[in-house]
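For reference, the structure discussed in these notes is given below.
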Amino acid sequence: MSDFFVVPGAAVSALLADAHKDVLRIVADTYVAHERGLSVNPDSYFLRFPEKPNARVIALPSYLGGDVDTIGMKWIASFPDNVQQGLPRASATLLLNDYATGYPLACLEAAGISAVRTAASAAVAAAELITSTGPVRLGVVGAGVIARTILDYLHANGVKVADVLVHDLDPTSAGHLAGHATARMGVPATTGGLDEVLSRDLVVFATTAATPYVPADTALRPGQVLLNVSLRDLAPELLLRCNNVVDDVDHCLKAQTSPHLAERLTGGRDFITGTLGALLQGNVALDPEKPTVFSPFGLGILDLAVGHHVLHEARRQGSAVRIPDFIGETKRW
């Protein structure tokens, strides 16, 4: 119990590179466990800076029972200006603690863990929400790491795609993601305008937008699926014309997300159709005459569950760095 493990980024990346199926299963199982009440997932805590208004660091504490039975805390920084210096926008660490004693177990580099759990969440939802039996025309708004990882996980989860259209304010980034889509999925991919992307069967939003820019009168159609991963792209009035599936109602309806704005607009939560966990259990009925929006706030238990798996595999494979006697005091007297 006095030993501690560190799993560096290179080891995490190597373990996650071929773990798509495991991550998809873990994420789906975690949503169901959360729906069954086997988790503690309090509010995220935001640290902001007056001189850097677009930057933030978020703390996501959580506990997940069942086979995981572990406490965790993700500490993730989002500094969008990093991109201008050629650095990734996000960086993260994950601390795991033993549930029996509360003692710290491990620290993992977690930017990759955060990206794959986000992508797997979107892919699990897409597979449940798409009603078409044939390939869908996919549109992507935002061309960063999260969008690329979502494409990988849509492919890994068997979502059939006919072609891909990418929109980003940076044409170079959009072009790179289109090239990745063709290489990964083996389908035609190109770049285009926002209006054209919004007409696609499946639309992924993976931006850093702070306020809605997709207009309330945007034409959507029955059966269309919008993965509102970045949470703040859509006008709240638009959500009121859709089925709305969230990861957790209380978490998602806060922090100026589009669902939060819709709650303020209507004064209630009746526009929420259900949660992904309930959907996976067959307990959510969607109106087939409406489009559907999936809005995942991003639960800390997902990072915890994926991190627990990564730690187990890293220890098994010998890529976790063991620090003996990390805890100085292990006896009361």
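Letters A, B, ... mark the chains of the structure tokens in the order given; residue numbers begin at 1 per chain; ligand numbers begin at 1, in order shown.
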Distance query Ala110 in chain A at most 12 Å, only C-alpha atoms, self and fewer than 4 positions along chain excluded, as a VMD selection string: chain A and resid 6 to 13 16 72 to 77 90 to 96 106 114 to 117 300 302 to 304 306 to 308 310 to 311
Run DSSP on the backbone of this structure and report the residues of range 62-302 of chain A it assigns to strand (DSSP E), as a ChimeraX atom specification. /A:62-64,70-78,90-98,104-109,136-141,161-167,189-191,202-205,225-227,243-246,274-275,292-295
Env of Ser44 in chain A: 9 Å cut, atoms = only C-alpha atoms, seq-sep filter 2 positions within chain, self excluded. Answer as a PDB file with C-alpha atoms, in the first residue's frame.
```pdb
ATOM      1  CA  ASN A  41     -19.776  12.188  -9.519  1.00  0.00           C
ATOM      2  CA  PRO A  42     -19.966  15.666  -7.956  1.00  0.00           C
ATOM      3  CA  PHE A  46     -13.342  25.437 -12.626  1.00  0.00           C
ATOM      4  CA  ILE A  58     -10.923  21.854 -14.281  1.00  0.00           C
ATOM      5  CA  ALA A  59     -10.977  19.373 -11.403  1.00  0.00           C
ATOM      6  CA  LEU A  60     -13.247  16.342 -11.823  1.00  0.00           C
ATOM      7  CA  PRO A  61     -13.465  14.208  -8.657  1.00  0.00           C
ATOM      8  CA  HIS A 251     -24.241  18.077 -14.817  1.00  0.00           C
ATOM      9  CA  LEU A 299     -18.277  12.761 -16.429  1.00  0.00           C
ATOM     10  CA  GLY A 300     -15.178  12.208 -14.315  1.00  0.00           C
TER      11      GLY A 300
END
```
Name the closest residue to Val23 in chain A among the candidates A:Val136, A:Ala119, A:Leu47, A:Leu151; distances are taken between atoms, counting only C-alpha atoms. A:Ala119
Neighbours of Leu138 in chain A within 10 Å (only C-alpha atoms; same-chain residues fewer than 5 positions away dropped), as a count of residues only? 18
Fewer than 4 positions away in the same chain doesn't count, so skip those; otherwise give me all residues within 10 Å of Arg148 in chain A, counting only C-alpha atoms, as a count of residues only. 15
I need the helix (DSSP H, G or I) residues of range 126-191 of chain A per DSSP on the backbone, written as a VMD selection string. chain A and resid 126 to 129 145 to 156 171 to 185
Go ahead and save the picked residues with N, CA, C and O atoms, as a short mmCIF file (atom, residue, chain, number, x, y, z; two decimals), in the first residue's frame.
```cif
data_model
loop_
_atom_site.label_atom_id
_atom_site.label_comp_id
_atom_site.auth_asym_id
_atom_site.auth_seq_id
_atom_site.Cartn_x
_atom_site.Cartn_y
_atom_site.Cartn_z
N ALA A 126 -23.68 7.65 -30.85
CA ALA A 126 -24.01 7.62 -32.28
C ALA A 126 -24.56 6.26 -32.69
O ALA A 126 -25.55 6.17 -33.42
N ALA A 127 -23.93 5.21 -32.22
CA ALA A 127 -24.37 3.86 -32.59
C ALA A 127 -25.79 3.58 -32.09
O ALA A 127 -26.55 2.85 -32.73
N GLU A 128 -26.15 4.18 -30.96
CA GLU A 128 -27.48 3.98 -30.40
C GLU A 128 -28.52 4.85 -31.09
O GLU A 128 -29.69 4.47 -31.21
N LEU A 129 -28.12 6.04 -31.53
CA LEU A 129 -29.09 7.03 -32.01
C LEU A 129 -29.34 6.98 -33.51
O LEU A 129 -30.41 7.38 -33.97
N VAL A 145 -7.85 17.71 -31.97
CA VAL A 145 -7.55 16.35 -31.50
C VAL A 145 -8.82 15.59 -31.17
O VAL A 145 -8.95 14.40 -31.50
N ILE A 146 -9.78 16.25 -30.52
CA ILE A 146 -11.01 15.55 -30.13
C ILE A 146 -11.77 15.08 -31.37
O ILE A 146 -12.25 13.94 -31.42
N ALA A 147 -11.87 15.94 -32.38
CA ALA A 147 -12.58 15.54 -33.61
C ALA A 147 -11.89 14.34 -34.26
O ALA A 147 -12.55 13.40 -34.71
N ARG A 148 -10.57 14.38 -34.32
CA ARG A 148 -9.84 13.26 -34.93
C ARG A 148 -10.08 11.97 -34.15
O ARG A 148 -10.29 10.90 -34.74
N THR A 149 -10.07 12.07 -32.82
CA THR A 149 -10.27 10.88 -32.01
C THR A 149 -11.70 10.36 -32.13
O THR A 149 -11.94 9.15 -32.13
N ILE A 150 -12.66 11.27 -32.26
CA ILE A 150 -14.05 10.85 -32.46
C ILE A 150 -14.18 10.06 -33.77
O ILE A 150 -14.86 9.02 -33.82
N LEU A 151 -13.54 10.53 -34.83
CA LEU A 151 -13.58 9.78 -36.09
C LEU A 151 -13.04 8.38 -35.90
O LEU A 151 -13.60 7.39 -36.41
N ASP A 152 -11.93 8.26 -35.18
CA ASP A 152 -11.35 6.94 -34.93
C ASP A 152 -12.34 6.03 -34.20
O ASP A 152 -12.47 4.85 -34.53
N TYR A 153 -13.03 6.59 -33.22
CA TYR A 153 -13.92 5.77 -32.40
C TYR A 153 -15.25 5.49 -33.10
O TYR A 153 -15.85 4.42 -32.86
N LEU A 154 -15.72 6.38 -33.93
CA LEU A 154 -16.89 6.06 -34.75
C LEU A 154 -16.58 4.87 -35.64
O LEU A 154 -17.39 3.94 -35.77
N HIS A 155 -15.41 4.88 -36.23
CA HIS A 155 -14.99 3.77 -37.10
C HIS A 155 -14.86 2.49 -36.29
O HIS A 155 -15.34 1.42 -36.72
N ALA A 156 -14.23 2.57 -35.11
CA ALA A 156 -14.03 1.38 -34.29
C ALA A 156 -15.35 0.82 -33.79
O ALA A 156 -15.46 -0.41 -33.57
N PRO A 171 -8.60 26.67 -42.25
CA PRO A 171 -8.69 25.75 -43.39
C PRO A 171 -7.62 24.66 -43.38
O PRO A 171 -7.88 23.54 -43.83
N THR A 172 -6.43 24.98 -42.87
CA THR A 172 -5.36 23.98 -42.84
C THR A 172 -5.74 22.82 -41.91
O THR A 172 -5.56 21.65 -42.26
N SER A 173 -6.28 23.15 -40.73
CA SER A 173 -6.70 22.12 -39.79
C SER A 173 -7.82 21.27 -40.39
O SER A 173 -7.84 20.05 -40.24
N ALA A 174 -8.76 21.94 -41.07
CA ALA A 174 -9.85 21.21 -41.71
C ALA A 174 -9.32 20.23 -42.75
O ALA A 174 -9.77 19.08 -42.83
N GLY A 175 -8.35 20.67 -43.52
CA GLY A 175 -7.78 19.80 -44.54
C GLY A 175 -7.06 18.60 -43.94
O GLY A 175 -7.17 17.48 -44.45
N HIS A 176 -6.35 18.83 -42.84
CA HIS A 176 -5.67 17.72 -42.18
C HIS A 176 -6.66 16.68 -41.66
O HIS A 176 -6.43 15.47 -41.77
N LEU A 177 -7.77 17.16 -41.07
CA LEU A 177 -8.75 16.21 -40.55
C LEU A 177 -9.43 15.44 -41.68
O LEU A 177 -9.70 14.24 -41.56
N ALA A 178 -9.69 16.12 -42.80
CA ALA A 178 -10.27 15.42 -43.96
C ALA A 178 -9.33 14.32 -44.44
O ALA A 178 -9.77 13.21 -44.77
N GLY A 179 -8.05 14.62 -44.47
CA GLY A 179 -7.09 13.60 -44.87
C GLY A 179 -7.06 12.44 -43.90
O GLY A 179 -6.96 11.27 -44.31
N HIS A 180 -7.16 12.74 -42.61
CA HIS A 180 -7.20 11.67 -41.60
C HIS A 180 -8.43 10.81 -41.77
O HIS A 180 -8.37 9.59 -41.63
N ALA A 181 -9.58 11.45 -42.06
CA ALA A 181 -10.82 10.70 -42.23
C ALA A 181 -10.72 9.72 -43.39
O ALA A 181 -11.15 8.56 -43.28
N THR A 182 -10.14 10.15 -44.48
CA THR A 182 -9.97 9.25 -45.63
C THR A 182 -9.04 8.10 -45.29
O THR A 182 -9.31 6.94 -45.61
N ALA A 183 -7.93 8.43 -44.61
CA ALA A 183 -6.96 7.39 -44.26
C ALA A 183 -7.54 6.39 -43.27
O ALA A 183 -7.31 5.17 -43.38
N ARG A 184 -8.30 6.88 -42.29
CA ARG A 184 -8.82 6.00 -41.24
C ARG A 184 -10.05 5.23 -41.70
O ARG A 184 -10.18 4.04 -41.45
N MET A 185 -10.97 5.91 -42.37
CA MET A 185 -12.25 5.30 -42.70
C MET A 185 -12.31 4.76 -44.12
O MET A 185 -13.23 3.99 -44.45
#
```
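Comparing A:Pro80, A:Gly192, A:Gly158, A:Gly37 by their smallest distance to Ala209 in chain A, the closest is A:Pro80 (using only C-alpha atoms).
Closest approach to Asp22 in chain A among A:Leu279, A:Ala120, A:Ala255, A:Ala235: A:Ala120, based on only C-alpha atoms.
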Find the nearest atom pair between each residue of range 195-260 of chain A and range 264-277 of chain A for residues within 12 Å, count only C-alpha atoms, give distances in Å to one decimal, sort rows by chain and ascending number, and present the table as CSV.
```
residue,atom,partner,partner_atom,distance
A:Ala235,CA,A:Leu265,CA,10.7
A:Pro236,CA,A:Leu265,CA,7.6
A:Glu237,CA,A:Leu265,CA,8.1
A:Leu238,CA,A:Phe271,CA,11.0
A:Leu239,CA,A:Phe271,CA,7.8
A:Leu240,CA,A:Phe271,CA,6.1
A:Arg241,CA,A:Phe271,CA,8.6
A:Cys242,CA,A:Phe271,CA,8.1
A:Asn243,CA,A:Thr273,CA,5.8
A:Asn244,CA,A:Ile272,CA,5.0
A:Val245,CA,A:Gly274,CA,5.1
A:Val246,CA,A:Thr275,CA,4.8
A:Asp247,CA,A:Thr275,CA,5.3
A:Asp248,CA,A:Thr275,CA,6.2
A:Val249,CA,A:Thr275,CA,7.2
A:Asp250,CA,A:Arg269,CA,10.0
A:His251,CA,A:Thr275,CA,11.3
A:Cys252,CA,A:Thr275,CA,10.4
A:Leu253,CA,A:Arg269,CA,8.8
A:Lys254,CA,A:Arg264,CA,9.9
A:Ala255,CA,A:Arg264,CA,11.7
A:Gln256,CA,A:Arg264,CA,9.6
A:Thr257,CA,A:Arg264,CA,10.6
A:Ser258,CA,A:Arg264,CA,9.9
A:Pro259,CA,A:Ile272,CA,8.4
A:His260,CA,A:Arg264,CA,6.4
```
Preceding selection exported with N, CA, C and O atoms as a compact mmCIF listing (two decimals), in the first residue's frame:
```txt
# COMPACT_ATOMS: atom_id res chain seq x y z
N ALA A 235 -27.85 27.06 -30.67
CA ALA A 235 -28.82 27.96 -30.04
C ALA A 235 -29.81 27.15 -29.21
O ALA A 235 -30.25 26.09 -29.64
N PRO A 236 -30.17 27.61 -28.02
CA PRO A 236 -31.06 26.83 -27.17
C PRO A 236 -32.42 26.58 -27.81
O PRO A 236 -33.03 25.53 -27.59
N GLU A 237 -32.91 27.53 -28.62
CA GLU A 237 -34.20 27.35 -29.27
C GLU A 237 -34.18 26.15 -30.21
O GLU A 237 -35.20 25.48 -30.39
N LEU A 238 -33.03 25.88 -30.78
CA LEU A 238 -32.89 24.75 -31.69
C LEU A 238 -33.09 23.43 -30.94
O LEU A 238 -33.73 22.50 -31.44
N LEU A 239 -32.57 23.35 -29.72
CA LEU A 239 -32.71 22.13 -28.93
C LEU A 239 -34.17 21.81 -28.63
O LEU A 239 -34.54 20.63 -28.50
N LEU A 240 -35.00 22.85 -28.54
CA LEU A 240 -36.39 22.63 -28.17
C LEU A 240 -37.18 21.93 -29.28
O LEU A 240 -38.29 21.47 -29.04
N ARG A 241 -36.60 21.83 -30.46
CA ARG A 241 -37.25 21.12 -31.57
C ARG A 241 -36.70 19.69 -31.74
O ARG A 241 -37.01 19.03 -32.71
N CYS A 242 -35.91 19.24 -30.77
CA CYS A 242 -35.20 17.97 -30.92
C CYS A 242 -35.46 17.04 -29.74
O CYS A 242 -35.86 17.47 -28.66
N ASN A 243 -35.19 15.74 -29.97
CA ASN A 243 -34.96 14.84 -28.85
C ASN A 243 -33.63 15.25 -28.22
O ASN A 243 -32.67 15.55 -28.93
N ASN A 244 -33.58 15.27 -26.90
CA ASN A 244 -32.35 15.65 -26.22
C ASN A 244 -31.90 14.56 -25.26
O ASN A 244 -32.59 14.26 -24.28
N VAL A 245 -30.75 13.97 -25.57
CA VAL A 245 -30.15 12.94 -24.73
C VAL A 245 -28.87 13.52 -24.13
O VAL A 245 -28.06 14.12 -24.84
N VAL A 246 -28.69 13.36 -22.82
CA VAL A 246 -27.52 13.89 -22.13
C VAL A 246 -26.84 12.75 -21.38
O VAL A 246 -27.38 11.65 -21.24
N ASP A 247 -25.61 13.01 -20.88
CA ASP A 247 -24.96 11.97 -20.08
C ASP A 247 -25.47 12.01 -18.64
O ASP A 247 -25.68 10.98 -18.02
N ASP A 248 -25.72 13.20 -18.12
CA ASP A 248 -26.25 13.38 -16.77
C ASP A 248 -27.00 14.71 -16.76
O ASP A 248 -26.41 15.74 -17.11
N VAL A 249 -28.24 14.70 -16.35
CA VAL A 249 -29.08 15.90 -16.47
C VAL A 249 -28.52 17.04 -15.62
O VAL A 249 -28.34 18.16 -16.09
N ASP A 250 -28.23 16.77 -14.35
CA ASP A 250 -27.77 17.84 -13.47
C ASP A 250 -26.44 18.43 -13.93
O ASP A 250 -26.23 19.64 -13.85
N HIS A 251 -25.54 17.58 -14.39
CA HIS A 251 -24.24 18.08 -14.82
C HIS A 251 -24.35 18.89 -16.11
O HIS A 251 -23.70 19.91 -16.26
N CYS A 252 -25.15 18.40 -17.03
CA CYS A 252 -25.18 19.00 -18.36
C CYS A 252 -25.90 20.35 -18.36
O CYS A 252 -25.58 21.22 -19.18
N LEU A 253 -26.83 20.53 -17.46
CA LEU A 253 -27.61 21.77 -17.45
C LEU A 253 -26.99 22.79 -16.49
O LEU A 253 -27.56 23.19 -15.48
N LYS A 254 -25.75 23.17 -16.83
CA LYS A 254 -25.05 24.19 -16.07
C LYS A 254 -23.91 24.73 -16.93
O LYS A 254 -23.66 24.25 -18.03
N ALA A 255 -23.21 25.73 -16.43
CA ALA A 255 -22.01 26.28 -17.07
C ALA A 255 -22.28 26.82 -18.48
O ALA A 255 -21.42 26.75 -19.35
N GLN A 256 -23.48 27.35 -18.68
CA GLN A 256 -23.83 28.02 -19.95
C GLN A 256 -23.77 27.09 -21.16
O GLN A 256 -23.53 27.52 -22.29
N THR A 257 -24.00 25.79 -20.95
CA THR A 257 -24.11 24.90 -22.10
C THR A 257 -25.42 25.20 -22.84
O THR A 257 -26.31 25.87 -22.31
N SER A 258 -25.54 24.72 -24.05
CA SER A 258 -26.79 24.93 -24.80
C SER A 258 -28.00 24.36 -24.06
O SER A 258 -29.05 25.02 -23.99
N PRO A 259 -27.91 23.14 -23.48
CA PRO A 259 -29.05 22.65 -22.67
C PRO A 259 -29.33 23.54 -21.46
O PRO A 259 -30.50 23.73 -21.08
N HIS A 260 -28.29 24.09 -20.84
CA HIS A 260 -28.49 24.99 -19.70
C HIS A 260 -29.24 26.25 -20.15
O HIS A 260 -30.18 26.71 -19.48
```
What does the distance from CA of Arg315 in chain A to CA of Val27 in chain A come to in Å, to one decimal? 21.1 Å
Expressed in Å to a single decimal, how great is the separation between CA of Val83 in chain A and CA of Pro53 in chain A? 15.7 Å
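CA of Pro88 in chain A sits 25.7 Å away from CA of Glu313 in chain A.
Between Thr208 in chain A and the candidates A:Ile26, A:Val293, A:Leu105, A:Ala55, the tightest atom-to-atom separation, counting only C-alpha atoms, involves A:Ala55.
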